[in-house]
$ cat final.cif   # mmCIF, C-alpha atoms
data_target
#
loop_
_atom_site.label_atom_id
_atom_site.label_comp_id
_atom_site.auth_asym_id
_atom_site.auth_seq_id
_atom_site.Cartn_x
_atom_site.Cartn_y
_atom_site.Cartn_z
CA MET A 16 0.00 0.00 0.00
CA ILE A 17 1.41 3.34 -1.02
CA LYS A 18 0.80 6.26 1.28
CA LYS A 19 1.30 9.94 0.69
CA TYR A 20 1.32 12.99 2.92
CA SER A 21 -1.04 15.79 2.19
CA SER A 22 0.08 19.36 2.56
CA ILE A 23 0.27 20.44 6.18
CA VAL A 24 -2.42 22.96 7.11
CA LEU A 25 -1.53 25.76 9.53
CA SER A 26 -3.93 27.80 11.61
CA THR A 27 -3.10 31.33 12.72
CA LEU A 28 -4.24 32.82 15.99
CA PHE A 29 -5.31 36.42 15.55
CA PHE A 30 -4.32 38.60 18.47
CA LEU A 31 -6.97 41.22 18.61
CA SER A 32 -6.77 44.38 20.61
CA GLY A 33 -9.35 46.46 22.37
CA CYS A 34 -9.22 49.58 24.42
CA GLY A 35 -11.37 51.35 26.92
CA THR A 36 -10.78 54.51 28.88
CA GLU A 37 -12.61 57.25 30.67
CA THR A 38 -11.56 60.45 28.95
CA THR A 39 -9.91 63.11 31.09
CA ASN A 40 -7.66 66.04 30.33
CA ASP A 41 -4.64 63.73 30.59
CA THR A 42 -3.16 63.31 27.13
CA SER A 43 -0.62 60.63 28.03
CA ASP A 44 -0.03 57.92 25.44
CA THR A 45 -0.98 54.97 27.64
CA ASN A 46 -3.09 52.47 25.67
CA ASP A 47 -5.32 49.79 27.16
CA THR A 48 -5.43 46.61 25.10
CA VAL A 49 -7.16 43.28 25.41
CA ILE A 50 -6.23 40.11 23.55
CA LEU A 51 -9.36 38.45 22.25
CA GLN A 52 -9.86 35.13 20.54
CA ASP A 53 -12.30 34.31 17.77
CA ILE A 54 -13.00 31.55 15.25
CA ASN A 55 -10.94 32.30 12.15
CA ASP A 56 -13.83 31.59 9.80
CA THR A 57 -12.39 32.73 6.50
CA LEU A 58 -14.82 30.63 4.46
CA GLN A 59 -17.92 32.60 5.37
CA ASN A 60 -18.79 36.03 4.06
CA ILE A 61 -20.37 37.80 7.00
CA THR A 62 -22.97 40.51 6.33
CA ILE A 63 -23.32 42.97 9.20
CA LYS A 64 -26.23 45.32 9.78
CA LYS A 65 -25.20 48.86 10.59
CA SER A 66 -27.16 48.69 13.86
CA SER A 67 -26.04 45.22 14.98
CA ALA A 68 -23.48 46.50 17.49
CA LEU A 69 -25.95 48.88 19.11
CA GLU A 70 -28.64 46.19 19.12
CA GLN A 71 -26.32 43.74 20.86
CA LEU A 72 -25.22 46.25 23.47
CA ASN A 73 -28.81 47.24 24.18
CA GLN A 74 -29.84 43.60 24.50
CA ILE A 75 -27.19 43.18 27.18
CA ARG A 76 -28.05 46.41 28.97
CA THR A 77 -31.80 45.68 28.84
CA GLN A 78 -31.27 42.22 30.34
CA LEU A 79 -29.47 43.95 33.22
CA GLY A 80 -32.19 46.54 33.71
CA LEU A 81 -29.96 49.36 32.43
CA ASN A 82 -31.13 52.14 30.17
CA PRO A 83 -30.61 51.45 26.46
CA LEU A 84 -28.17 53.56 24.46
CA LYS A 85 -29.33 55.74 21.58
CA PRO A 86 -27.18 56.76 18.61
CA ASN A 87 -25.63 60.20 18.58
CA PRO A 88 -24.49 61.60 15.20
CA TYR A 89 -21.46 63.43 16.60
CA LEU A 90 -20.22 60.40 18.54
CA THR A 91 -20.85 58.28 15.45
CA THR A 92 -18.76 60.63 13.32
CA ALA A 93 -15.93 60.53 15.85
CA ALA A 94 -16.08 56.72 15.97
CA GLN A 95 -16.11 56.43 12.19
CA ASN A 96 -13.14 58.78 11.85
CA HIS A 97 -11.06 56.80 14.32
CA ALA A 98 -12.06 53.40 12.89
CA LYS A 99 -10.87 54.55 9.46
CA TYR A 100 -7.62 55.83 10.95
CA LEU A 101 -6.95 52.48 12.66
CA PHE A 102 -7.75 50.59 9.45
CA ILE A 103 -5.53 52.79 7.27
CA HIS A 104 -2.53 52.41 9.57
CA HIS A 105 -3.15 48.78 10.63
CA ILE A 106 -3.01 49.62 14.34
CA SER A 107 -5.22 49.55 17.41
CA GLY A 108 -5.58 51.95 20.32
CA HIS A 109 -7.00 55.29 21.35
CA TYR A 110 -4.34 57.62 20.06
CA GLU A 111 -3.62 59.20 16.69
CA THR A 112 -0.52 60.97 15.41
CA GLN A 113 -0.88 64.43 13.98
CA GLY A 114 0.15 64.65 10.35
CA GLN A 115 -0.80 61.09 9.50
CA GLU A 116 -3.58 60.31 7.04
CA GLY A 117 -7.03 60.37 8.66
CA PHE A 118 -5.93 62.27 11.78
CA THR A 119 -8.85 64.00 13.56
CA GLY A 120 -7.47 64.29 17.09
CA LYS A 121 -4.86 62.75 19.37
CA THR A 122 -7.25 61.50 22.07
CA PRO A 123 -10.87 60.29 22.13
CA LEU A 124 -11.84 63.63 23.67
CA ASP A 125 -10.07 65.56 20.92
CA ARG A 126 -11.90 63.55 18.26
CA THR A 127 -15.38 63.85 19.78
CA ILE A 128 -14.92 67.61 20.13
CA TYR A 129 -13.66 67.81 16.54
CA ALA A 130 -16.81 65.94 15.43
CA GLY A 131 -19.04 68.46 17.23
CA TYR A 132 -19.81 66.80 20.56
CA LYS A 133 -19.88 69.47 23.29
CA SER A 134 -19.41 67.49 26.53
CA ARG A 135 -16.05 66.28 27.79
CA ALA A 136 -17.68 63.34 29.62
CA VAL A 137 -16.93 60.70 26.97
CA SER A 138 -15.47 57.21 27.00
CA GLU A 139 -14.26 54.90 24.26
CA ASN A 140 -13.88 51.18 23.58
CA VAL A 141 -11.88 49.92 20.60
CA SER A 142 -11.16 46.50 19.15
CA THR A 143 -9.52 45.32 15.96
CA GLY A 144 -9.27 42.06 14.06
CA GLN A 145 -12.55 40.34 14.86
CA LYS A 146 -14.73 38.98 12.07
CA ASP A 147 -17.80 41.06 13.02
CA GLU A 148 -19.31 43.40 15.58
CA GLN A 149 -20.73 40.59 17.70
CA ALA A 150 -17.27 39.06 18.11
CA SER A 151 -15.89 42.50 18.94
CA ILE A 152 -18.42 43.13 21.71
CA ASP A 153 -18.22 39.56 23.03
CA GLY A 154 -14.48 39.94 23.35
CA LEU A 155 -14.65 43.30 25.10
CA MET A 156 -17.27 41.92 27.50
CA SER A 157 -14.84 39.14 28.45
CA ALA A 158 -12.31 41.71 29.70
CA ILE A 159 -13.31 43.12 33.07
CA TYR A 160 -12.12 46.71 32.62
CA HIS A 161 -13.70 47.04 29.18
CA ARG A 162 -16.90 45.31 30.23
CA LEU A 163 -17.48 47.88 32.92
CA GLY A 164 -17.21 50.63 30.30
CA PHE A 165 -20.14 49.16 28.38
CA LEU A 166 -22.14 48.72 31.61
CA ASP A 167 -21.57 52.30 32.76
CA MET A 168 -24.72 53.59 34.48
CA ASN A 169 -23.96 57.18 33.47
CA ILE A 170 -24.15 56.85 29.66
CA ASP A 171 -27.18 56.96 27.39
CA GLU A 172 -25.80 57.63 23.91
CA ILE A 173 -23.18 56.11 21.68
CA GLY A 174 -21.51 56.23 18.31
CA THR A 175 -20.44 52.91 16.78
CA ALA A 176 -18.23 52.29 13.77
CA ASN A 177 -17.10 49.21 11.89
CA GLU A 178 -14.45 49.79 9.25
CA GLN A 179 -14.14 46.89 6.81
CA ASN A 180 -14.95 44.29 9.52
CA SER A 181 -11.52 45.08 10.91
CA SER A 182 -11.60 48.13 13.19
CA TYR A 183 -14.43 48.72 15.66
CA VAL A 184 -14.87 51.89 17.72
CA TYR A 185 -17.48 52.73 20.36
CA ASP A 186 -17.68 56.31 21.68
CA MET A 187 -20.08 56.88 24.58
CA GLY A 188 -21.51 59.92 26.35
CA ASN A 189 -24.24 61.46 28.53
CA SER A 190 -26.94 63.38 26.62
CA TYR A 191 -27.93 65.47 29.66
CA LEU A 192 -24.41 66.76 30.21
CA ASN A 193 -24.04 67.36 26.48
CA ALA A 194 -27.28 69.37 26.44
CA LEU A 195 -25.98 71.62 29.23
CA CYS A 196 -22.86 72.30 27.17
CA ASN A 197 -25.10 73.33 24.28
CA GLY A 198 -26.89 75.87 26.48
CA GLN A 199 -25.85 79.17 28.06
CA SER A 200 -22.73 79.55 30.18
CA PHE A 201 -23.52 80.21 33.86
CA ASP A 202 -22.77 83.80 34.88
CA GLY A 203 -24.46 83.96 38.28
CA SER A 204 -23.09 83.68 41.81
CA GLY A 205 -22.37 80.45 43.67
CA GLU A 206 -20.46 77.28 42.87
CA TYR A 207 -20.00 76.20 39.29
CA TYR A 208 -18.04 73.75 37.15
CA TYR A 209 -15.78 74.62 34.26
CA ASP A 210 -13.54 72.54 31.96
CA VAL A 211 -16.43 70.11 31.48
CA CYS A 212 -17.44 71.26 27.97
CA ALA A 213 -15.63 71.58 24.65
CA ASN A 214 -15.21 75.25 25.49
CA GLU A 215 -13.08 74.93 28.61
CA ASP A 216 -14.25 78.32 29.92
CA PHE A 217 -17.93 77.37 29.68
CA LYS A 218 -19.48 77.34 33.18
CA ILE A 219 -22.31 75.19 34.54
CA LYS A 220 -23.95 75.81 37.92
CA ALA A 221 -22.84 73.08 40.33
CA THR A 222 -26.34 71.97 41.37
CA THR A 223 -27.47 71.87 37.74
CA TYR A 224 -24.45 69.83 36.70
CA ASN A 225 -24.81 67.33 39.57
CA GLN A 226 -28.50 66.88 38.82
CA ALA A 227 -27.76 66.16 35.16
CA LYS A 228 -24.88 63.87 36.08
CA ASN A 229 -27.20 61.65 38.14
CA GLN A 230 -30.19 61.88 35.79
CA ILE A 231 -29.44 58.58 34.08
CA LYS A 232 -28.10 56.82 37.19
CA ASN A 233 -31.34 57.50 39.04
CA THR A 234 -33.27 55.49 36.43
CA ASN A 235 -30.91 52.52 36.67
CA PRO A 236 -30.95 49.65 39.18
CA THR A 237 -29.08 49.54 42.47
CA TYR A 238 -26.62 47.03 41.01
CA VAL A 239 -25.92 44.98 37.89
CA ILE A 240 -24.36 41.53 37.69
CA TYR A 241 -22.57 39.92 34.77
CA PRO A 242 -23.01 37.32 33.45
CA TYR A 243 -26.64 38.19 34.11
CA LYS A 244 -29.16 35.91 35.82
CA ASN A 245 -29.90 32.73 33.82
CA GLN A 246 -27.68 33.87 30.94
CA GLN A 247 -26.94 31.09 28.45
CA GLU A 248 -23.94 30.51 26.16
CA VAL A 249 -21.53 32.35 28.45
CA ASN A 250 -17.90 32.36 27.41
CA PRO A 251 -16.03 30.03 29.83
CA VAL A 252 -12.62 31.66 29.64
CA PHE A 253 -10.59 34.83 30.13
CA TYR A 254 -7.14 35.15 28.54
CA GLU A 255 -5.34 38.47 28.51
CA GLU A 256 -6.11 42.15 29.02
CA SER A 257 -3.78 45.12 29.13
CA PRO A 258 -3.36 46.52 31.62
CA ASP A 259 -3.63 42.99 32.94
CA PRO A 260 -5.68 42.38 36.09
CA LEU A 261 -4.06 38.91 36.34
CA PRO A 262 -0.42 39.27 35.23
CA ASP A 263 0.50 35.76 36.43
CA TYR A 264 -2.27 34.07 34.44
CA SER A 265 -2.50 33.54 30.68
CA VAL A 266 -5.74 31.58 31.04
CA SER A 267 -8.39 31.62 33.77
CA GLY A 268 -12.13 31.56 34.28
CA TYR A 269 -14.49 34.13 32.77
CA PRO A 270 -14.78 37.13 35.13
CA ILE A 271 -17.91 37.34 37.27
CA SER A 272 -18.70 40.91 38.28
CA ILE A 273 -21.06 43.16 40.18
CA LEU A 274 -21.35 46.93 39.81
CA PHE A 275 -23.24 49.10 42.29
CA ASN A 276 -24.98 52.37 41.41
CA ASP A 277 -23.10 55.17 43.21
CA ALA A 278 -26.24 57.34 43.06
CA LYS A 279 -28.09 54.80 45.20
CA ILE A 280 -25.36 53.16 47.29
CA ASP A 281 -22.91 54.70 49.76
CA THR A 282 -19.77 52.56 49.82
CA GLU A 283 -19.05 53.79 53.37
CA LEU A 284 -22.03 51.66 54.41
CA LEU A 285 -21.13 48.66 52.20
CA ASN A 286 -19.09 45.78 53.64
CA VAL A 287 -18.44 42.76 51.42
CA THR A 288 -18.52 39.40 53.18
CA SER A 289 -17.89 36.96 50.32
CA PHE A 290 -18.10 36.47 46.57
CA THR A 291 -18.12 32.81 45.54
CA LEU A 292 -18.72 30.51 42.57
CA THR A 293 -20.04 26.94 42.73
CA THR A 294 -21.29 24.18 40.46
CA ASN A 295 -23.26 21.16 41.68
CA HIS A 296 -22.70 22.44 45.23
CA MET A 297 -18.92 22.27 44.78
CA GLN A 298 -16.83 25.37 45.45
CA ILE A 299 -14.78 26.63 42.50
CA PRO A 300 -11.24 27.73 43.52
CA LEU A 301 -10.70 31.43 42.84
CA ILE A 302 -7.60 33.46 42.07
CA GLN A 303 -6.09 35.30 45.03
CA HIS A 304 -4.87 38.86 44.61
CA ASN A 305 -1.92 40.62 46.23
CA ASP A 306 -3.77 41.18 49.51
CA GLY A 307 -4.83 37.54 49.78
CA SER A 308 -8.44 38.26 48.82
CA THR A 309 -10.17 36.32 46.04
CA ILE A 310 -12.27 39.40 45.18
CA LEU A 311 -10.83 42.00 42.81
CA THR A 312 -11.59 45.40 44.35
CA GLN A 313 -10.48 49.00 44.16
CA GLN A 314 -8.06 48.30 47.00
CA ASN A 315 -6.18 45.39 45.37
CA ASP A 316 -6.59 46.27 41.69
CA ILE A 317 -2.95 46.66 40.63
CA ASN A 318 -3.98 48.87 37.70
CA ASP A 319 -6.25 51.22 39.68
CA HIS A 320 -9.08 50.79 37.18
CA LEU A 321 -11.86 49.57 39.48
CA SER A 322 -13.95 51.99 41.49
CA ALA A 323 -15.17 51.43 45.04
CA TYR A 324 -18.48 50.24 43.55
CA GLU A 325 -17.04 47.43 41.38
CA PHE A 326 -16.11 43.86 42.34
CA ALA A 327 -15.07 40.78 40.34
CA ILE A 328 -13.89 37.19 40.78
CA PHE A 329 -11.95 34.85 38.48
CA ALA A 330 -11.86 31.06 38.71
CA LYS A 331 -8.31 29.66 38.83
CA GLN A 332 -9.13 27.35 35.94
CA ARG A 333 -11.22 28.18 32.90
CA LEU A 334 -14.84 27.13 33.33
CA ASP A 335 -16.17 23.95 31.73
CA TYR A 336 -18.28 23.97 28.61
CA ASN A 337 -22.04 23.41 28.92
CA THR A 338 -22.06 23.76 32.70
CA THR A 339 -24.32 25.73 35.01
CA TYR A 340 -22.64 27.80 37.72
CA GLN A 341 -24.01 29.62 40.74
CA ALA A 342 -22.52 32.93 41.88
CA SER A 343 -23.16 34.38 45.34
CA PHE A 344 -22.30 37.87 46.56
CA VAL A 345 -22.83 38.33 50.31
CA TYR A 346 -22.55 41.77 51.87
CA ASN A 347 -23.79 44.00 54.68
CA TYR A 348 -25.31 47.37 53.89
CA ASN A 349 -26.08 49.81 56.65
CA GLY A 350 -26.24 46.98 59.18
CA GLU A 351 -28.45 44.70 57.08
CA ASP A 352 -27.10 41.40 55.70
CA LYS A 353 -27.86 40.79 52.01
CA ASN A 354 -27.17 37.98 49.56
CA ILE A 355 -27.28 38.24 45.76
CA THR A 356 -27.32 34.76 44.20
CA TRP A 357 -27.77 33.85 40.55
CA SER A 358 -26.93 31.19 37.95
CA PHE A 359 -25.61 31.15 34.38
CA THR A 360 -24.63 28.45 31.87
CA THR A 361 -21.52 28.30 29.71
CA LYS A 362 -21.34 27.67 25.98
CA SER A 363 -22.33 24.34 24.52
CA LEU A 364 -20.32 23.31 21.44
CA PRO A 365 -21.62 20.62 19.07
CA ASN A 366 -19.41 17.58 18.52
CA LEU A 367 -17.06 18.59 21.32
CA ILE A 368 -14.18 16.19 22.06
CA THR A 369 -12.01 16.69 25.13
CA PHE A 370 -8.39 15.60 24.72
CA GLU A 371 -7.35 13.04 27.35
CA ASN A 372 -3.72 12.36 26.36
CA LYS A 373 -4.57 9.65 23.84
CA ASP A 374 -5.32 9.32 20.15
CA ILE A 375 -8.87 9.82 18.93
CA ASN A 376 -11.10 8.11 16.37
CA ILE A 377 -13.13 10.53 14.27
CA ALA A 378 -15.54 10.38 11.34
CA LEU A 379 -14.60 11.69 7.91
CA ASN A 380 -16.28 14.91 6.68
CA THR A 381 -17.69 15.68 10.16
CA PRO A 382 -16.71 19.00 11.80
CA PHE A 383 -15.81 18.81 15.48
CA TYR A 384 -14.29 20.88 18.29
CA LEU A 385 -11.18 19.55 20.02
CA TYR A 386 -10.66 20.93 23.52
CA PHE A 387 -7.31 20.78 25.33
CA PRO A 388 -7.95 21.51 29.04
CA PRO A 389 -5.11 23.75 30.28
CA LYS A 390 -2.70 21.97 32.61
CA ASP A 391 -1.65 25.18 34.32
CA GLN A 392 -2.30 28.91 34.32
CA ASN A 393 -0.12 29.52 31.26
CA ASP A 394 -1.07 26.51 29.14
CA VAL A 395 -2.43 27.99 25.90
CA ILE A 396 -2.19 27.12 22.22
CA ASN A 397 -0.24 29.67 20.21
CA SER A 398 0.17 27.71 16.98
CA ASN A 399 -1.11 24.50 15.42
CA SER A 400 -0.99 22.46 12.24
CA ILE A 401 -2.41 19.23 10.86
CA GLY A 402 -1.06 16.76 8.32
CA CYS A 403 -2.73 13.60 6.97
CA THR A 404 -1.71 10.35 5.28
CA TYR A 405 -3.90 8.58 2.73
CA THR A 406 -3.74 5.66 0.29
CA GLN A 407 -2.83 6.01 -3.34
CA GLY A 408 -5.82 7.37 -5.22
CA GLY A 409 -7.13 9.09 -2.11
CA TYR A 410 -6.80 12.67 -0.99
CA ALA A 411 -7.05 14.77 2.17
CA LYS A 412 -8.35 18.30 2.73
CA PRO A 413 -8.07 19.01 6.45
CA THR A 414 -9.00 22.37 7.97
CA ILE A 415 -8.06 23.54 11.44
CA THR A 416 -8.91 26.89 13.02
CA PHE A 417 -8.87 28.45 16.48
CA TYR A 418 -12.07 28.68 18.49
CA ASP A 419 -10.08 29.91 21.45
CA GLN A 420 -6.57 29.29 22.76
CA ASN A 421 -7.50 25.90 24.19
CA THR A 422 -10.09 24.79 21.61
CA LEU A 423 -9.67 24.00 17.91
CA PHE A 424 -12.30 23.59 15.19
CA ILE A 425 -11.35 20.76 12.82
CA THR A 426 -12.81 19.15 9.71
CA ILE A 427 -11.19 16.28 7.80
CA ASN A 428 -12.50 16.05 4.25
CA GLY A 429 -11.20 13.64 1.63
CA LYS A 430 -11.09 9.98 0.63
CA ASP A 431 -9.27 6.89 1.87
CA ILE A 432 -7.51 8.78 4.66
CA ASP A 433 -5.54 6.76 7.16
CA SER A 434 -4.75 9.25 9.92
CA CYS A 435 -3.95 12.87 10.68
CA ASP A 436 -1.39 14.23 13.13
CA VAL A 437 -2.27 17.35 15.12
CA ASN A 438 0.67 19.50 16.14
CA ILE A 439 0.39 22.02 18.98
CA ASN A 440 2.98 24.74 19.57
CA GLY A 441 5.39 23.00 17.19
CA GLU A 442 5.09 19.50 18.69
CA LYS A 443 2.95 16.49 17.78
CA LYS A 444 0.09 16.25 20.28
CA LEU A 445 -2.06 13.40 19.01
CA THR A 446 -3.13 11.32 16.03
CA LEU A 447 -6.64 11.35 14.62
CA HIS A 448 -7.60 7.93 13.25
CA ILE A 449 -10.09 8.43 10.43
CA GLN A 450 -13.20 6.29 10.06
CA ASN A 451 -13.81 6.45 6.30
#

$ encode --input "final.cif" --output "structure tokens"
Amino acid sequence: MIKKYSSIVLSTLFFLSGCGTETTNDTSDTNDTVILQDINDTLQNITIKKSSALEQLNQIRTQLGLNPLKPNPYLTTAAQNHAKYLFIHHISGHYETQGQEGFTGKTPLDRTIYAGYKSRAVSENVSTGQKDEQASIDGLMSAIYHRLGFLDMNIDEIGTANEQNSSYVYDMGNSYLNALCNGQSFDGSGEYYYDVCANEDFKIKATTYNQAKNQIKNTNPTYVIYPYKNQQEVNPVFYEESPDPLPDYSVSGYPISILFNDAKIDTELLNVTSFTLTTNHMQIPLIQHNDGSTILTQQNDINDHLSAYEFAIFAKQRLDYNTTYQASFVYNYNGEDKNITWSFTTKSLPNLITFENKDINIALNTPFYLYFPPKDQNDVINSNSIGCTYTQGGYAKPTITFYDQNTLFITINGKDIDSCDVNINGEKKLTLHIQN
């Protein structure tokens, strides 16, 4: 019997970046980035509705009881300008360089002002490299700092942009504060704010500004949890974010978070007792931070991104597929003990095979997912390839793509195939025996 090797097929992991920041007058060049993973589905031609990003964000916010976001033309213009800039220069981040093609402002604040937005209270999320807007938002929601930007209780309008299914920009603001900046500058007596509008000298009476600032928060709930109650198809894993909340971990469990409304809660009266995660009544081990606590808080957040109203936990190991988990947040507020408990279920992948350090029998022409449970906190797949042998007169057309950095999507098409070797990070990992 004569056997031949087919061409080896390589799969590339796309490292995608995303950014989120609250805009201030600081014009430093510090970028926030998040590495996201997505299926590299180059065979499908995705058609995206212009409103799909906003629809997805509003579905999430509505499930949490938050106000929906409405489109703002000035924020949209700013987002579109920056998305084009990122696409032209093949980069990601918040900052632009004056003199380069497409430049409309160094910082998000500069660009929103250039586009005609009057308030300085703006924030921005950016991602690049995903196949569509849904993948962009899913990735940003998996990164704790960026997630909290989308769940901000003080925003009600947004501009979204998708440039060539490559660069995605989300600029967010508060319509009440923007309306004040479109009005008359305060010239009376008493306390006032300045440097809060595009015109830095524009003044707003302090009581008026504070009332507008809390206008949206007062309509929102006391707290929001994420994943939300009874959410299905939750991503089971968190990889990397920059700045990184978990610098010693390349892979861990999906972050579970709770955000309190600072217009309705006084953190001086809030004392957290515990934040835990279980499945089938078994406690899930959580990552400890530099103060020994398993809860990420303002006090132990090494990047100083969390506020006093935000808390999160990470499982030491990535969560299992198709599994229901229970989260419990126990706290005391103003002398009264309270417990917030909810459940969510992780993603279920069809034809999922878990690698158990042995070769696998698979059917020809049948797509499947191959999951490699991480052995430690840095066990991720950075590269892979597949090569097949077949009898004379046969042929092999294998495809292998990333689903995430521990899960591959594989299809073996062809005729009279004997076996296929899967290589991970440059080394043979296993052999797939083909059932023709």

$ residues_around --input "final.cif" --residues "Gly198 of chain A" --least-positions-apart "5" --cutoff "12 Å" --atoms "only C-alpha atoms" --output "MDAnalysis selection string"
chainID A and resid 133:134 191:193 212 214 217:220 223

$ resolve_selection --input "final.cif" --expression "the PyMOL selection byres ((chain A and resi 78-95) around 8)" --output "ChimeraX atom specification"
/A:69,72-77,96-99,126-127,129-132,166,168,170-178,184-188,231,234-236,239-240,243

$ closest_residue --input "final.cif" --among "A:Ile401, A:Tyr269, A:Phe370, A:Asn286" --to "Glu442 of chain A" --atoms "all atoms listed in the file"
A:Ile401

$ resolve_selection --input "final.cif" --expression "the PyMOL selection byres ((chain A and resi 336) around 6)" --output "list of chain:residue names"
A:Asp335, A:Asn337, A:Thr338, A:Thr361, A:Lys362, A:Ser363

$ closest_residue --input "final.cif" --among "A:Ala150, A:Leu292, A:Ile396, A:Ala323" --to "Ile280 of chain A" --atoms "only C-alpha atoms"
A:Ala323

$ atom_distance --input "final.cif" --atom1 "atom CA of Ala213 of chain A" --atom2 "atom CA of Phe118 of chain A"
18.6 Å

$ closest_residue --input "final.cif" --among "A:Trp357, A:Phe253, A:Tyr207, A:Phe387" --to "Leu445 of chain A" --atoms "only C-alpha atoms"
A:Phe387

$ closest_residue --input "final.cif" --among "A:Tyr254, A:Gln246, A:Asp352, A:Gly108" --to "Asp394 of chain A" --atoms "only C-alpha atoms"
A:Tyr254

$ residues_around --input "final.cif" --residues "Ile106 of chain A" --least-positions-apart "6" --cutoff "10 Å" --atoms "all atoms listed in the file" --output "number ranges by chain"
A: 32, 98, 100, 142-144, 182

$ closest_residue --input "final.cif" --among "A:Ser398, A:Gln179, A:Gln149, A:Asn428" --to "Pro382 of chain A" --atoms "all atoms listed in the file"
A:Asn428

$ axis_aligned_box --input "final.cif" --around "segment 331-335 of chain A" --padding-each-side "3 Å" --output "lines of an AutoDock Vina configuration file"
center_x = -12.2
center_y = 26.8
center_z = 35.3
size_x = 13.9
size_y = 11.7
size_z = 13.1

$ closest_residue --input "final.cif" --among "A:Cys196, A:Gln298, A:Asp202, A:Ile159" --to "Asp259 of chain A" --atoms "only C-alpha atoms"
A:Ile159

$ resolve_selection --input "final.cif" --expression "the PyMOL selection byres ((chain A and resi 153) around 10)" --output "VMD selection string"
chain A and resid 51 to 53 71 to 72 145 148 to 152 154 to 158 162 249 to 250

$ atom_distance --input "final.cif" --atom1 "atom CA of Asn245 of chain A" --atom2 "atom CA of Thr291 of chain A"
16.6 Å

$ decode --input "final.cif" --residues "segment 396-436 of chain A" --atoms "C-alpha atoms" --output "short mmCIF file (atom, residue, chain, number, x, y, z; two decimals), in the first residue's frame"
data_model
loop_
_atom_site.label_atom_id
_atom_site.label_comp_id
_atom_site.auth_asym_id
_atom_site.auth_seq_id
_atom_site.Cartn_x
_atom_site.Cartn_y
_atom_site.Cartn_z
CA ILE A 396 -2.19 27.12 22.22
CA ASN A 397 -0.24 29.67 20.21
CA SER A 398 0.17 27.71 16.98
CA ASN A 399 -1.11 24.50 15.42
CA SER A 400 -0.99 22.46 12.24
CA ILE A 401 -2.41 19.23 10.86
CA GLY A 402 -1.06 16.76 8.32
CA CYS A 403 -2.73 13.60 6.97
CA THR A 404 -1.71 10.35 5.28
CA TYR A 405 -3.90 8.58 2.73
CA THR A 406 -3.74 5.66 0.29
CA GLN A 407 -2.83 6.01 -3.34
CA GLY A 408 -5.82 7.37 -5.22
CA GLY A 409 -7.13 9.09 -2.11
CA TYR A 410 -6.80 12.67 -0.99
CA ALA A 411 -7.05 14.77 2.17
CA LYS A 412 -8.35 18.30 2.73
CA PRO A 413 -8.07 19.01 6.45
CA THR A 414 -9.00 22.37 7.97
CA ILE A 415 -8.06 23.54 11.44
CA THR A 416 -8.91 26.89 13.02
CA PHE A 417 -8.87 28.45 16.48
CA TYR A 418 -12.07 28.68 18.49
CA ASP A 419 -10.08 29.91 21.45
CA GLN A 420 -6.57 29.29 22.76
CA ASN A 421 -7.50 25.90 24.19
CA THR A 422 -10.09 24.79 21.61
CA LEU A 423 -9.67 24.00 17.91
CA PHE A 424 -12.30 23.59 15.19
CA ILE A 425 -11.35 20.76 12.82
CA THR A 426 -12.81 19.15 9.71
CA ILE A 427 -11.19 16.28 7.80
CA ASN A 428 -12.50 16.05 4.25
CA GLY A 429 -11.20 13.64 1.63
CA LYS A 430 -11.09 9.98 0.63
CA ASP A 431 -9.27 6.89 1.87
CA ILE A 432 -7.51 8.78 4.66
CA ASP A 433 -5.54 6.76 7.16
CA SER A 434 -4.75 9.25 9.92
CA CYS A 435 -3.95 12.87 10.68
CA ASP A 436 -1.39 14.23 13.13
#
